[in-house]
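So this one's start_16.tsv, TSV, C-alpha atoms (C1' of nucleotides):
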chain	number	residue	atom	x	y	z
G	102	MET	CA	88.33	-3.65	-3.38
G	103	SER	CA	88.93	-6.15	-6.15
G	104	ASN	CA	91.81	-4.71	-8.12
G	105	ASN	CA	94.06	-5.77	-5.27
G	106	ASN	CA	95.27	-8.72	-7.30
G	107	LEU	CA	97.49	-6.21	-9.05
G	108	ILE	CA	99.48	-5.68	-5.91
G	109	LYS	CA	101.40	-8.90	-6.47
G	110	GLY	CA	105.04	-8.11	-6.50
G	111	SER	CA	104.73	-4.48	-5.46
G	112	LEU	CA	103.90	-5.04	-1.80
G	113	GLN	CA	107.56	-5.39	-0.84
G	114	THR	CA	108.37	-2.10	-2.52
G	115	ILE	CA	105.47	-0.39	-0.76
G	116	ILE	CA	106.68	-1.60	2.63
G	117	LEU	CA	110.27	-0.55	2.00
G	118	LYS	CA	109.29	2.87	0.70
G	119	LEU	CA	106.99	3.63	3.63
G	120	LEU	CA	109.77	2.67	6.02
G	121	GLU	CA	112.19	4.92	4.19
G	122	GLU	CA	109.88	7.84	4.91
G	123	ASN	CA	108.94	6.93	8.45
G	124	GLU	CA	111.98	5.54	10.24
G	125	LYS	CA	109.90	2.84	11.92
G	126	MET	CA	106.41	1.46	11.61
G	127	TYR	CA	104.44	-1.52	12.87
G	128	GLY	CA	102.33	-3.83	10.77
G	129	TYR	CA	98.90	-2.56	11.60
G	130	GLU	CA	100.12	0.98	11.05
G	131	ILE	CA	101.21	0.10	7.53
G	132	THR	CA	97.79	-1.26	6.62
G	133	GLN	CA	96.14	1.92	7.92
G	134	ARG	CA	98.60	4.22	6.17
G	135	VAL	CA	98.01	2.54	2.82
G	136	LYS	CA	94.25	2.64	3.31
G	137	GLU	CA	94.48	6.33	4.19
G	138	LEU	CA	96.78	7.25	1.29
G	139	THR	CA	94.52	5.54	-1.26
G	140	ALA	CA	91.17	6.65	0.17
G	141	GLY	CA	90.37	3.07	1.10
G	142	GLU	CA	90.89	1.73	-2.40
G	143	ILE	CA	93.87	-0.44	-1.55
G	144	LYS	CA	93.63	-2.60	1.52
G	145	ILE	CA	96.66	-4.60	2.52
G	146	THR	CA	95.38	-7.81	4.08
G	147	GLU	CA	97.15	-9.15	7.12
G	148	GLY	CA	97.60	-12.52	5.45
G	149	ALA	CA	99.72	-10.77	2.83
G	150	LEU	CA	101.45	-8.22	5.02
G	151	TYR	CA	102.86	-10.29	7.87
G	152	PRO	CA	104.47	-12.98	5.71
G	153	ALA	CA	105.96	-10.19	3.58
G	154	LEU	CA	107.40	-8.45	6.63
G	155	HIS	CA	108.84	-11.72	7.93
G	156	LYS	CA	110.43	-12.43	4.59
G	157	LEU	CA	112.02	-8.99	4.34
G	158	GLU	CA	113.36	-9.44	7.85
G	159	ALA	CA	114.73	-12.89	7.00
G	160	GLU	CA	116.47	-11.35	3.99
G	161	GLY	CA	118.11	-8.83	6.27
G	162	LEU	CA	116.35	-5.78	4.84
G	163	LEU	CA	114.35	-5.04	7.98
G	164	SER	CA	115.09	-5.17	11.69
G	165	THR	CA	112.52	-5.40	14.46
G	166	GLU	CA	112.01	-3.95	17.89
G	167	ILE	CA	109.16	-4.85	20.21
G	168	GLN	CA	107.40	-2.22	22.29
G	169	GLN	CA	104.68	-2.28	24.90
G	170	VAL	CA	101.97	0.33	24.41
G	171	ASP	CA	98.99	0.22	26.78
G	172	ASN	CA	99.45	-3.47	27.55
G	173	ARG	CA	99.52	-4.15	23.82
G	174	VAL	CA	102.51	-5.47	21.94
G	175	ARG	CA	103.75	-3.62	18.91
G	176	LYS	CA	106.44	-4.94	16.61
G	177	TYR	CA	108.24	-2.04	14.99
G	178	TYR	CA	110.09	-2.55	11.74
G	179	SER	CA	112.88	-0.37	10.40
G	180	LEU	CA	115.23	-0.49	7.42
G	181	THR	CA	118.66	-2.01	7.81
G	182	LYS	CA	121.57	-0.67	5.77
G	183	ASP	CA	120.88	-3.34	3.18
G	184	GLY	CA	117.24	-2.35	3.26
G	185	GLN	CA	118.08	1.29	2.60
G	186	LYS	CA	120.05	0.29	-0.47
G	187	GLN	CA	117.28	-1.95	-1.73
G	188	VAL	CA	114.64	0.79	-1.56
G	189	THR	CA	116.27	2.70	-4.37
G	190	SER	CA	116.64	-0.24	-6.71
G	191	LYS	CA	113.18	-1.62	-5.96
G	192	MET	CA	111.69	1.80	-6.60
G	193	SER	CA	113.40	2.31	-9.95
G	194	GLU	CA	112.48	-1.24	-10.91
G	195	LEU	CA	108.82	-0.52	-10.20
G	196	GLN	CA	108.88	2.89	-11.88
G	197	GLY	CA	110.51	1.31	-14.91
G	198	PHE	CA	107.87	-1.35	-15.03
G	199	VAL	CA	105.08	1.21	-14.85
G	200	GLU	CA	106.68	3.18	-17.68
G	201	ASN	CA	106.85	0.07	-19.82
G	202	LEU	CA	103.25	-0.66	-18.98
G	203	GLN	CA	102.29	2.80	-20.22
G	204	ARG	CA	104.26	2.20	-23.40
G	205	ILE	CA	102.23	-0.93	-24.05
G	206	LEU	CA	98.83	0.35	-22.99
G	207	THR	CA	98.88	3.93	-24.26
G	208	PRO	CA	100.51	3.80	-27.70
G	209	ASP	CA	99.38	7.36	-28.41
G	210	LEU	CA	101.72	9.09	-25.98
G	211	LYS	CA	104.97	7.42	-26.89
G	212	PRO	CA	107.66	10.11	-26.52
G	213	GLY	CA	107.78	11.75	-23.08
G	214	PHE	CA	104.95	11.17	-20.68
G	215	ASN	CA	105.10	12.59	-17.18
G	216	ILE	CA	104.88	10.51	-14.06
Q	1129	MET	CA	114.68	-8.85	-17.58
Q	1130	SER	CA	113.95	-9.49	-13.91
Q	1131	ASN	CA	111.23	-7.02	-13.07
Q	1132	ASN	CA	108.81	-9.33	-14.84
Q	1133	ASN	CA	107.50	-10.55	-11.52
Q	1134	LEU	CA	105.56	-7.29	-11.43
Q	1135	ILE	CA	103.46	-8.30	-14.37
Q	1136	LYS	CA	101.24	-10.45	-12.20
Q	1137	GLY	CA	97.69	-9.47	-12.77
Q	1138	SER	CA	98.31	-7.07	-15.62
Q	1139	LEU	CA	98.98	-9.62	-18.36
Q	1140	GLN	CA	95.28	-10.06	-19.09
Q	1141	THR	CA	94.86	-6.32	-19.49
Q	1142	ILE	CA	97.86	-6.15	-21.81
Q	1143	ILE	CA	96.44	-8.88	-24.03
Q	1144	LEU	CA	92.99	-7.30	-24.17
Q	1145	LYS	CA	94.34	-3.85	-24.92
Q	1146	LEU	CA	96.62	-5.04	-27.71
Q	1147	LEU	CA	93.69	-6.86	-29.28
Q	1148	GLU	CA	91.57	-3.74	-29.05
Q	1149	GLU	CA	94.14	-1.94	-31.15
Q	1150	ASN	CA	94.88	-4.73	-33.60
Q	1151	GLU	CA	91.66	-6.56	-34.45
Q	1152	LYS	CA	93.40	-9.94	-34.33
Q	1153	MET	CA	96.76	-11.26	-33.20
Q	1154	TYR	CA	98.38	-14.61	-32.58
Q	1155	GLY	CA	100.31	-15.60	-29.48
Q	1156	TYR	CA	103.82	-15.35	-30.78
Q	1157	GLU	CA	102.97	-11.97	-32.30
Q	1158	ILE	CA	101.90	-10.68	-28.89
Q	1159	THR	CA	105.20	-11.66	-27.27
Q	1160	GLN	CA	107.10	-9.89	-30.06
Q	1161	ARG	CA	104.95	-6.76	-29.92
Q	1162	VAL	CA	105.47	-6.40	-26.18
Q	1163	LYS	CA	109.20	-6.95	-26.52
Q	1164	GLU	CA	109.31	-4.35	-29.27
Q	1165	LEU	CA	107.21	-1.76	-27.40
Q	1166	THR	CA	109.37	-2.02	-24.28
Q	1167	ALA	CA	112.76	-2.21	-25.96
Q	1168	GLY	CA	113.16	-5.79	-24.77
Q	1169	GLU	CA	112.62	-4.94	-21.14
Q	1170	ILE	CA	109.42	-6.91	-20.76
Q	1171	LYS	CA	109.35	-10.43	-22.14
Q	1172	ILE	CA	106.10	-12.32	-22.00
Q	1173	THR	CA	106.99	-15.96	-21.52
Q	1174	GLU	CA	105.02	-18.56	-23.41
Q	1175	GLY	CA	104.28	-20.41	-20.18
Q	1176	ALA	CA	102.44	-17.33	-18.98
Q	1177	LEU	CA	100.90	-16.23	-22.27
Q	1178	TYR	CA	99.21	-19.36	-23.58
Q	1179	PRO	CA	97.41	-20.26	-20.36
Q	1180	ALA	CA	96.27	-16.63	-20.11
Q	1181	LEU	CA	94.91	-16.70	-23.67
Q	1182	HIS	CA	93.13	-19.98	-23.02
Q	1183	LYS	CA	91.58	-18.60	-19.87
Q	1184	LEU	CA	90.34	-15.45	-21.59
Q	1185	GLU	CA	88.85	-17.60	-24.33
Q	1186	ALA	CA	87.18	-19.86	-21.78
Q	1187	GLU	CA	85.69	-16.77	-20.15
Q	1188	GLY	CA	84.24	-15.74	-23.48
Q	1189	LEU	CA	86.33	-12.61	-23.90
Q	1190	LEU	CA	88.32	-13.90	-26.87
Q	1191	SER	CA	87.46	-15.95	-29.92
Q	1192	THR	CA	89.92	-17.92	-32.05
Q	1193	GLU	CA	90.47	-18.63	-35.68
Q	1194	ILE	CA	93.14	-20.93	-37.03
Q	1195	GLN	CA	95.09	-20.07	-40.16
Q	1196	GLN	CA	97.73	-21.82	-42.21
Q	1197	VAL	CA	100.71	-19.65	-43.15
Q	1198	ASP	CA	103.61	-21.35	-44.97
Q	1199	ASN	CA	102.73	-24.79	-43.62
Q	1200	ARG	CA	102.69	-23.30	-40.14
Q	1201	VAL	CA	99.64	-23.07	-37.92
Q	1202	ARG	CA	98.68	-19.75	-36.45
Q	1203	LYS	CA	95.91	-19.31	-33.89
Q	1204	TYR	CA	94.49	-15.83	-34.18
Q	1205	TYR	CA	92.69	-14.30	-31.24
Q	1206	SER	CA	90.17	-11.46	-31.37
Q	1207	LEU	CA	87.90	-9.71	-28.89
Q	1208	THR	CA	84.32	-10.86	-28.52
Q	1209	LYS	CA	81.62	-8.32	-27.62
Q	1210	ASP	CA	82.10	-9.21	-23.98
Q	1211	GLY	CA	85.83	-8.80	-24.47
Q	1212	GLN	CA	85.39	-5.33	-25.91
Q	1213	LYS	CA	83.42	-4.27	-22.87
Q	1214	GLN	CA	85.98	-5.74	-20.51
Q	1215	VAL	CA	88.88	-3.83	-22.04
Q	1216	THR	CA	87.54	-0.53	-20.76
Q	1217	SER	CA	86.94	-1.70	-17.22
Q	1218	LYS	CA	90.22	-3.60	-17.01
Q	1219	MET	CA	92.07	-0.54	-18.26
Q	1220	SER	CA	90.51	1.86	-15.75
Q	1221	GLU	CA	91.12	-0.71	-13.03
Q	1222	LEU	CA	94.80	-0.84	-13.90
Q	1223	GLN	CA	95.13	2.92	-14.32
Q	1224	GLY	CA	93.42	3.37	-10.96
Q	1225	PHE	CA	95.81	0.94	-9.36
Q	1226	VAL	CA	98.83	2.71	-10.80
Q	1227	GLU	CA	97.52	6.04	-9.54
Q	1228	ASN	CA	97.10	4.61	-6.05
Q	1229	LEU	CA	100.59	3.19	-6.27
Q	1230	GLN	CA	101.92	6.65	-7.07
Q	1231	ARG	CA	100.00	8.08	-4.13
Q	1232	ILE	CA	101.72	5.62	-1.83
Q	1233	LEU	CA	105.18	5.76	-3.31
Q	1234	THR	CA	105.53	9.44	-4.18
Q	1235	PRO	CA	104.01	11.35	-1.28
Q	1236	ASP	CA	105.51	14.59	-2.58
Q	1237	LEU	CA	103.26	14.95	-5.62
Q	1238	LYS	CA	99.88	14.37	-4.04
Q	1239	PRO	CA	97.48	16.70	-5.87
Q	1240	GLY	CA	97.44	16.26	-9.64
Q	1241	PHE	CA	100.12	14.20	-11.27
Q	1242	ASN	CA	100.01	13.49	-14.98
Q	1243	ILE	CA	99.95	10.05	-16.46
Z	1465	DT	C1'	77.29	-7.63	26.78
Z	1466	DC	C1'	78.45	-7.32	22.22
Z	1467	DT	C1'	80.70	-5.08	18.58
Z	1468	DT	C1'	84.46	-2.55	16.82
Z	1469	DA	C1'	89.19	-1.24	16.91
Z	1470	DT	C1'	93.84	-2.40	17.83
Z	1471	DA	C1'	97.65	-5.80	17.24
Z	1472	DC	C1'	99.91	-9.92	16.40
Z	1473	DC	C1'	99.97	-14.55	13.87
Z	1474	DT	C1'	99.21	-18.97	10.76
Z	1475	DC	C1'	97.48	-21.80	7.03
Z	1476	DA	C1'	94.63	-23.96	3.20
Z	1477	DG	C1'	93.55	-22.82	-1.22
Z	1478	DA	C1'	93.68	-20.02	-5.49
Z	1479	DT	C1'	96.05	-17.50	-8.90
Z	1480	DT	C1'	99.72	-16.40	-11.66
Z	1481	DC	C1'	104.09	-16.63	-12.81
Z	1482	DT	C1'	109.03	-19.14	-14.25
Z	1483	DT	C1'	111.51	-22.73	-16.18
Z	1484	DA	C1'	111.76	-26.79	-18.53
Z	1485	DT	C1'	110.06	-29.76	-21.84
Z	1486	DG	C1'	107.77	-31.32	-26.07
Z	1487	DT	C1'	106.23	-31.03	-31.07
Z	1488	DA	C1'	106.87	-29.13	-35.77
Z	1489	DT	C1'	108.45	-26.28	-39.82
Z	1490	DA	C1'	111.69	-22.87	-42.05
Z	1491	DT	C1'	115.84	-20.55	-42.57
Z	1492	DA	C1'	120.53	-19.19	-41.77
Z	1493	DA	C1'	125.05	-20.58	-40.42
Z	1494	DT	C1'	128.87	-23.91	-39.98
T	259	DA	C1'	124.91	-32.27	-44.01
T	260	DT	C1'	124.24	-30.62	-39.62
T	261	DT	C1'	123.41	-27.37	-36.19
T	262	DA	C1'	121.45	-23.25	-34.38
T	263	DT	C1'	117.99	-19.81	-34.56
T	264	DA	C1'	113.42	-18.22	-35.54
T	265	DT	C1'	108.65	-19.19	-35.86
T	266	DA	C1'	104.48	-21.29	-33.61
T	267	DC	C1'	101.83	-23.99	-30.74
T	268	DA	C1'	101.29	-26.41	-26.08
T	269	DT	C1'	101.72	-28.55	-21.17
T	270	DA	C1'	103.35	-29.22	-16.45
T	271	DA	C1'	106.07	-29.05	-12.06
T	272	DG	C1'	107.37	-25.86	-8.88
T	273	DA	C1'	107.78	-21.18	-6.82
T	274	DA	C1'	105.90	-16.93	-5.30
T	275	DT	C1'	102.31	-14.20	-3.71
T	276	DC	C1'	97.90	-13.29	-2.68
T	277	DT	C1'	92.81	-14.05	-0.40
T	278	DG	C1'	89.99	-15.45	3.14
T	279	DA	C1'	89.31	-17.76	7.23
T	280	DG	C1'	90.68	-18.73	11.53
T	281	DG	C1'	93.09	-18.00	16.17
T	282	DT	C1'	94.77	-15.11	20.40
T	283	DA	C1'	94.53	-10.93	23.20
T	284	DT	C1'	93.47	-6.13	25.03
T	285	DA	C1'	90.71	-1.71	25.02
T	286	DA	C1'	86.90	1.16	24.16
T	287	DG	C1'	82.31	2.27	22.79
T	288	DA	C1'	77.29	1.08	22.17

Exercise: express the given structure as structure tokens:
Amino acid sequence: MSNNNLIKGSLQTIILKLLEENEKMYGYEITQRVKELTAGEIKITEGALYPALHKLEAEGLLSTEIQQVDNRVRKYYSLTKDGQKQVTSKMSELQGFVENLQRILTPDLKPGFNI
Amino acid sequence: MSNNNLIKGSLQTIILKLLEENEKMYGYEITQRVKELTAGEIKITEGALYPALHKLEAEGLLSTEIQQVDNRVRKYYSLTKDGQKQVTSKMSELQGFVENLQRILTPDLKPGFNI
DNA sequence: TCTTATACCTCAGATTCTTATGTATATAAT
DNA sequence: ATTATATACATAAGAATCTGAGGTATAAGA
């Protein structure tokens, strides 16, 4: 509820990874999934999510498909081929960063820590 | 060397934690320590570091002390009492965020993963 | 009827970074 | 003697990414 400023830079990876697991999702669904997975501790704001989705689409990593559900419009996003490739590299980039972070912040457990 | 955009938000915590372990450090020393701890994978740029140090000092978390070493000026930073308190909360905030990130990104290992 | 939930969107402002630039001394290389 | 690299500080323009507020619209529950 206030540590969300740490998200910067990892939101794209979160979106891509969720779409790798789910085939297709719409924006609102993504916010709810993240809230659910983190017990409400991380809340993706719409002001961050939608611009991020639009950017990923503009970069060719996501494709969209509009559906009508109960008179409501849903915009489904799914990974393109380029997007599928990017998931892997974005994930290892983020994992590598987290490992480096642990190396800096927990100097006691240097050799092999489990993630 | 390009995953540095993920640092956003965690630089303050890195600085505070290093100072908790080292009593006092100067800016250039911090950049070298981080480079050394991460095998050169994370490079703190001066444009990011110095403003961050100044901000932490302005917030009363760090105090400074200038020293002359070989006709060169060094500005040593150390934790104030407030700074010492903040290290703990910033650290648990960051650890909590990383845990939530793992919950989102690695849905396979939900129960108890080691960090 | 009003609030909450669902579902999309934009935009001003804040924060935090990168990259470039500037100053200055010391040392190693050419 | 000069140039490049290392040490050591700093600022500033611009980019990227977020927060928070606002807007539109439908559906369901109080």

Would you mind listing, for every residue of chain G within 8 Å of chain T, the two atoms forming the shortest contact and the distance between them in Å to one decimal, using all atoms listed in the file, sorted by chain and ascending residue number, as a tab-separated table?
residue	atom	partner	partner_atom	distance
G:Asn106	CA	T:DC276	C1'	7.0
G:Lys109	CA	T:DT275	C1'	6.0
G:Gly110	CA	T:DT275	C1'	7.2
G:Gly148	CA	T:DT277	C1'	7.7
G:Ala149	CA	T:DC276	C1'	6.3
G:Asn172	CA	T:DT284	C1'	7.0
G:Arg173	CA	T:DT284	C1'	6.5

Inset, instruction - Could you list the residues in chain G lying within 10 Å of chain Z, using only C-alpha atoms (C1' of nucleotides), and format the result as a PyMOL selection string? - result: chain G and resi 106+109+127-130+147-148+151-152+173-176

Discussion item. Here is a test: counting all atoms listed in the file, which residue of G:Ser179, G:Gln168, G:Thr146, G:Thr114 is nearest to chain Q?
Written reply: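 Going through G:Ser179, G:Gln168, G:Thr146, G:Thr114 one by one, the smallest distance to chain Q is for G:Thr114.
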
- CA of Ala153 in chain G to CA of Glu166 in chain G, straight-line distance in Å: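 Interatomic distance here is 16.7 Å.
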
(message) Report, in Å to a single decimal, how far apart CA of Glu1227 in chain Q and CA of Leu1190 in chain Q are.
(response)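 It comes out at 28.0 Å.
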
Counting all atoms listed in the file, closest pick from Q:Leu1207, Q:Ile1194, Q:Leu1222, Q:Leu1184 relative to chain G is Q:Leu1222

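For the pair CA of Ser164 in chain G and CA of Thr181 in chain G, the interatomic distance is 6.1 Å.
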
Checklist line | Residue nearest chain Q - candidates G:Leu150, G:Tyr178, G:Gly184, G:Leu202, atoms counted: only C-alpha atoms | finding: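 Of G:Leu150, G:Tyr178, G:Gly184, G:Leu202, the one nearest chain Q, counting only C-alpha atoms, is G:Leu202.
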
Build an axis-aligned box that encloses every atom of range 125-129 of chain G listed in the file, pad it by 8 Å on each side, and report its centre and edge lengths in Å to one decimal, as lines of an AutoDock Vina configuration file.
center_x = 104.4
center_y = -0.5
center_z = 11.8
size_x = 27.0
size_y = 22.7
size_z = 18.1

Using all atoms listed in the file, the best pick from G:Glu121, G:Glu194, G:Asp209, G:Glu137 as closest to chain Q would be G:Glu194

- Query: Using all atoms listed in the file, which of the listed residues (Q:Ile1172, Q:Leu1181, Q:Leu1146, Q:Ala1186) sits closest to chain G?
  - Reply: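 Using all atoms listed in the file, the shortest distance to chain G belongs to Q:Leu1146.
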
From the coordinates supplied, range 1467-1488 of chain Z should be written with N, CA, C and O atoms (P, O5', C5', C4', C3', O3' and C1' of nucleotides), as a CSV table (one decimal), in the first residue's frame.
chain,number,residue,atom,x,y,z
Z,1467,DT,P,-23.5,8.0,-2.3
Z,1467,DT,O5',-22.7,6.5,-2.2
Z,1467,DT,C5',-23.2,5.6,-1.2
Z,1467,DT,C4',-22.8,4.2,-1.6
Z,1467,DT,C3',-21.4,4.1,-2.0
Z,1467,DT,O3',-20.8,3.0,-1.2
Z,1467,DT,C1',-22.8,3.0,-3.6
Z,1468,DT,P,-19.2,2.8,-1.2
Z,1468,DT,O5',-19.0,1.5,-2.1
Z,1468,DT,C5',-19.8,0.3,-1.7
Z,1468,DT,C4',-19.7,-0.7,-2.9
Z,1468,DT,C3',-18.3,-0.9,-3.4
Z,1468,DT,O3',-18.1,-2.3,-3.4
Z,1468,DT,C1',-19.9,-0.6,-5.2
Z,1469,DA,P,-16.6,-2.9,-3.7
Z,1469,DA,O5',-16.8,-3.5,-5.2
Z,1469,DA,C5',-17.8,-4.5,-5.4
Z,1469,DA,C4',-18.0,-4.7,-6.9
Z,1469,DA,C3',-16.7,-4.9,-7.7
Z,1469,DA,O3',-16.8,-6.1,-8.3
Z,1469,DA,C1',-18.2,-3.4,-8.8
Z,1470,DT,P,-15.5,-6.7,-9.2
Z,1470,DT,O5',-15.8,-6.2,-10.7
Z,1470,DT,C5',-16.9,-6.7,-11.3
Z,1470,DT,C4',-17.2,-6.0,-12.6
Z,1470,DT,C3',-16.0,-6.1,-13.6
Z,1470,DT,O3',-16.5,-6.6,-14.8
Z,1470,DT,C1',-16.9,-3.9,-13.5
Z,1471,DA,P,-15.5,-7.2,-15.9
Z,1471,DA,O5',-14.8,-5.9,-16.5
Z,1471,DA,C5',-15.1,-5.5,-17.8
Z,1471,DA,C4',-14.5,-4.1,-18.1
Z,1471,DA,C3',-13.0,-3.9,-18.0
Z,1471,DA,O3',-12.4,-4.2,-19.2
Z,1471,DA,C1',-14.4,-1.9,-17.5
Z,1472,DC,P,-10.8,-3.9,-19.4
Z,1472,DC,O5',-10.8,-2.4,-19.9
Z,1472,DC,C5',-11.2,-2.1,-21.3
Z,1472,DC,C4',-11.5,-0.7,-21.5
Z,1472,DC,C3',-10.4,0.3,-21.5
Z,1472,DC,O3',-9.8,0.2,-22.8
Z,1472,DC,C1',-12.2,1.2,-20.4
Z,1473,DC,P,-8.2,0.7,-23.0
Z,1473,DC,O5',-8.3,2.3,-22.6
Z,1473,DC,C5',-9.0,3.2,-23.4
Z,1473,DC,C4',-9.1,4.5,-22.8
Z,1473,DC,C3',-7.8,5.2,-22.5
Z,1473,DC,O3',-7.3,5.8,-23.7
Z,1473,DC,C1',-9.4,5.7,-20.8
Z,1474,DT,P,-5.9,6.5,-23.7
Z,1474,DT,O5',-6.1,7.9,-23.0
Z,1474,DT,C5',-7.2,8.8,-23.3
Z,1474,DT,C4',-7.1,10.0,-22.4
Z,1474,DT,C3',-5.7,10.7,-22.4
Z,1474,DT,O3',-5.9,12.1,-22.6
Z,1474,DT,C1',-6.4,10.2,-20.2
Z,1475,DC,P,-4.7,13.0,-23.0
Z,1475,DC,O5',-4.3,13.8,-21.7
Z,1475,DC,C5',-5.4,14.3,-20.8
Z,1475,DC,C4',-4.8,14.8,-19.5
Z,1475,DC,C3',-3.3,15.3,-19.7
Z,1475,DC,O3',-3.1,16.4,-18.8
Z,1475,DC,C1',-3.5,13.6,-18.0
Z,1476,DA,P,-2.0,17.5,-19.2
Z,1476,DA,O5',-1.7,18.2,-17.8
Z,1476,DA,C5',-2.8,18.5,-17.0
Z,1476,DA,C4',-2.4,18.4,-15.5
Z,1476,DA,C3',-1.0,19.0,-15.2
Z,1476,DA,O3',-1.0,19.7,-13.9
Z,1476,DA,C1',-1.0,16.7,-14.6
Z,1477,DG,P,0.2,20.6,-13.5
Z,1477,DG,O5',0.9,19.6,-12.5
Z,1477,DG,C5',0.2,19.0,-11.3
Z,1477,DG,C4',1.1,17.9,-10.7
Z,1477,DG,C3',2.5,18.4,-10.4
Z,1477,DG,O3',2.8,18.2,-9.0
Z,1477,DG,C1',2.4,16.2,-11.5
Z,1478,DA,P,4.2,18.6,-8.4
Z,1478,DA,O5',4.8,17.1,-8.1
Z,1478,DA,C5',3.9,16.1,-7.5
Z,1478,DA,C4',4.7,14.8,-7.2
Z,1478,DA,C3',6.1,15.1,-6.8
Z,1478,DA,O3',6.4,14.2,-5.7
Z,1478,DA,C1',6.0,13.7,-8.8
Z,1479,DT,P,7.9,14.3,-5.0
Z,1479,DT,O5',8.6,13.0,-5.6
Z,1479,DT,C5',7.8,11.8,-5.8
Z,1479,DT,C4',8.6,10.8,-6.5
Z,1479,DT,C3',10.1,10.7,-6.2
Z,1479,DT,O3',10.4,9.4,-5.7
Z,1479,DT,C1',9.8,10.7,-8.5
Z,1480,DT,P,11.9,9.1,-5.1
Z,1480,DT,O5',12.6,8.5,-6.3
Z,1480,DT,C5',12.0,7.5,-7.1
Z,1480,DT,C4',12.8,7.2,-8.3
Z,1480,DT,C3',14.3,7.3,-8.1
Z,1480,DT,O3',14.9,6.1,-8.6
Z,1480,DT,C1',13.7,8.5,-10.1
Z,1481,DC,P,16.5,5.8,-8.3
Z,1481,DC,O5',17.2,6.0,-9.7
Z,1481,DC,C5',17.0,4.9,-10.6
Z,1481,DC,C4',16.9,5.4,-12.1
Z,1481,DC,C3',18.3,5.7,-12.7
Z,1481,DC,O3',18.7,4.5,-13.4
Z,1481,DC,C1',16.6,7.3,-13.3
Z,1482,DT,P,20.3,4.6,-14.0
Z,1482,DT,O5',20.1,5.5,-15.3
Z,1482,DT,C5',19.3,5.0,-16.4
Z,1482,DT,C4',19.5,5.8,-17.6
Z,1482,DT,C3',21.0,5.9,-18.1
Z,1482,DT,O3',21.0,5.8,-19.5
Z,1482,DT,C1',20.3,8.1,-17.6
Z,1483,DT,P,22.4,5.5,-20.3
Z,1483,DT,O5',22.8,6.9,-20.8
Z,1483,DT,C5',21.8,7.8,-21.3
Z,1483,DT,C4',22.4,9.2,-21.5
Z,1483,DT,C3',24.0,9.2,-21.8
Z,1483,DT,O3',24.2,10.0,-22.9
Z,1483,DT,C1',23.4,10.7,-20.0
Z,1484,DA,P,25.7,10.2,-23.5
Z,1484,DA,O5',26.0,11.7,-23.1
Z,1484,DA,C5',24.9,12.7,-23.3
Z,1484,DA,C4',25.3,14.0,-22.6
Z,1484,DA,C3',26.7,14.4,-22.8
Z,1484,DA,O3',26.8,15.7,-23.4
Z,1484,DA,C1',26.1,14.5,-20.5
Z,1485,DT,P,28.2,16.4,-23.8
Z,1485,DT,O5',28.5,17.3,-22.5
Z,1485,DT,C5',27.5,18.2,-22.0
Z,1485,DT,C4',28.0,18.7,-20.7
Z,1485,DT,C3',29.4,19.1,-20.6
Z,1485,DT,O3',29.5,20.6,-20.6
Z,1485,DT,C1',28.7,18.0,-18.6
Z,1486,DG,P,31.0,21.3,-20.7
Z,1486,DG,O5',31.4,21.5,-19.2
Z,1486,DG,C5',30.5,22.1,-18.3
Z,1486,DG,C4',31.0,22.0,-16.9
Z,1486,DG,C3',32.6,22.2,-16.8
Z,1486,DG,O3',32.9,23.4,-16.2
Z,1486,DG,C1',31.7,20.4,-15.3
Z,1487,DT,P,34.5,23.8,-16.1
Z,1487,DT,O5',34.9,23.3,-14.7
Z,1487,DT,C5',34.3,23.8,-13.5
Z,1487,DT,C4',34.9,23.0,-12.3
Z,1487,DT,C3',36.4,23.0,-12.3
Z,1487,DT,O3',36.9,23.8,-11.2
Z,1487,DT,C1',35.5,20.9,-11.8
Z,1488,DA,P,38.5,24.2,-11.1
Z,1488,DA,O5',39.1,22.9,-10.5
Z,1488,DA,C5',38.8,22.5,-9.1
Z,1488,DA,C4',39.6,21.2,-8.8
Z,1488,DA,C3',41.0,21.1,-9.3
Z,1488,DA,O3',41.9,21.2,-8.2
Z,1488,DA,C1',39.8,19.1,-9.7
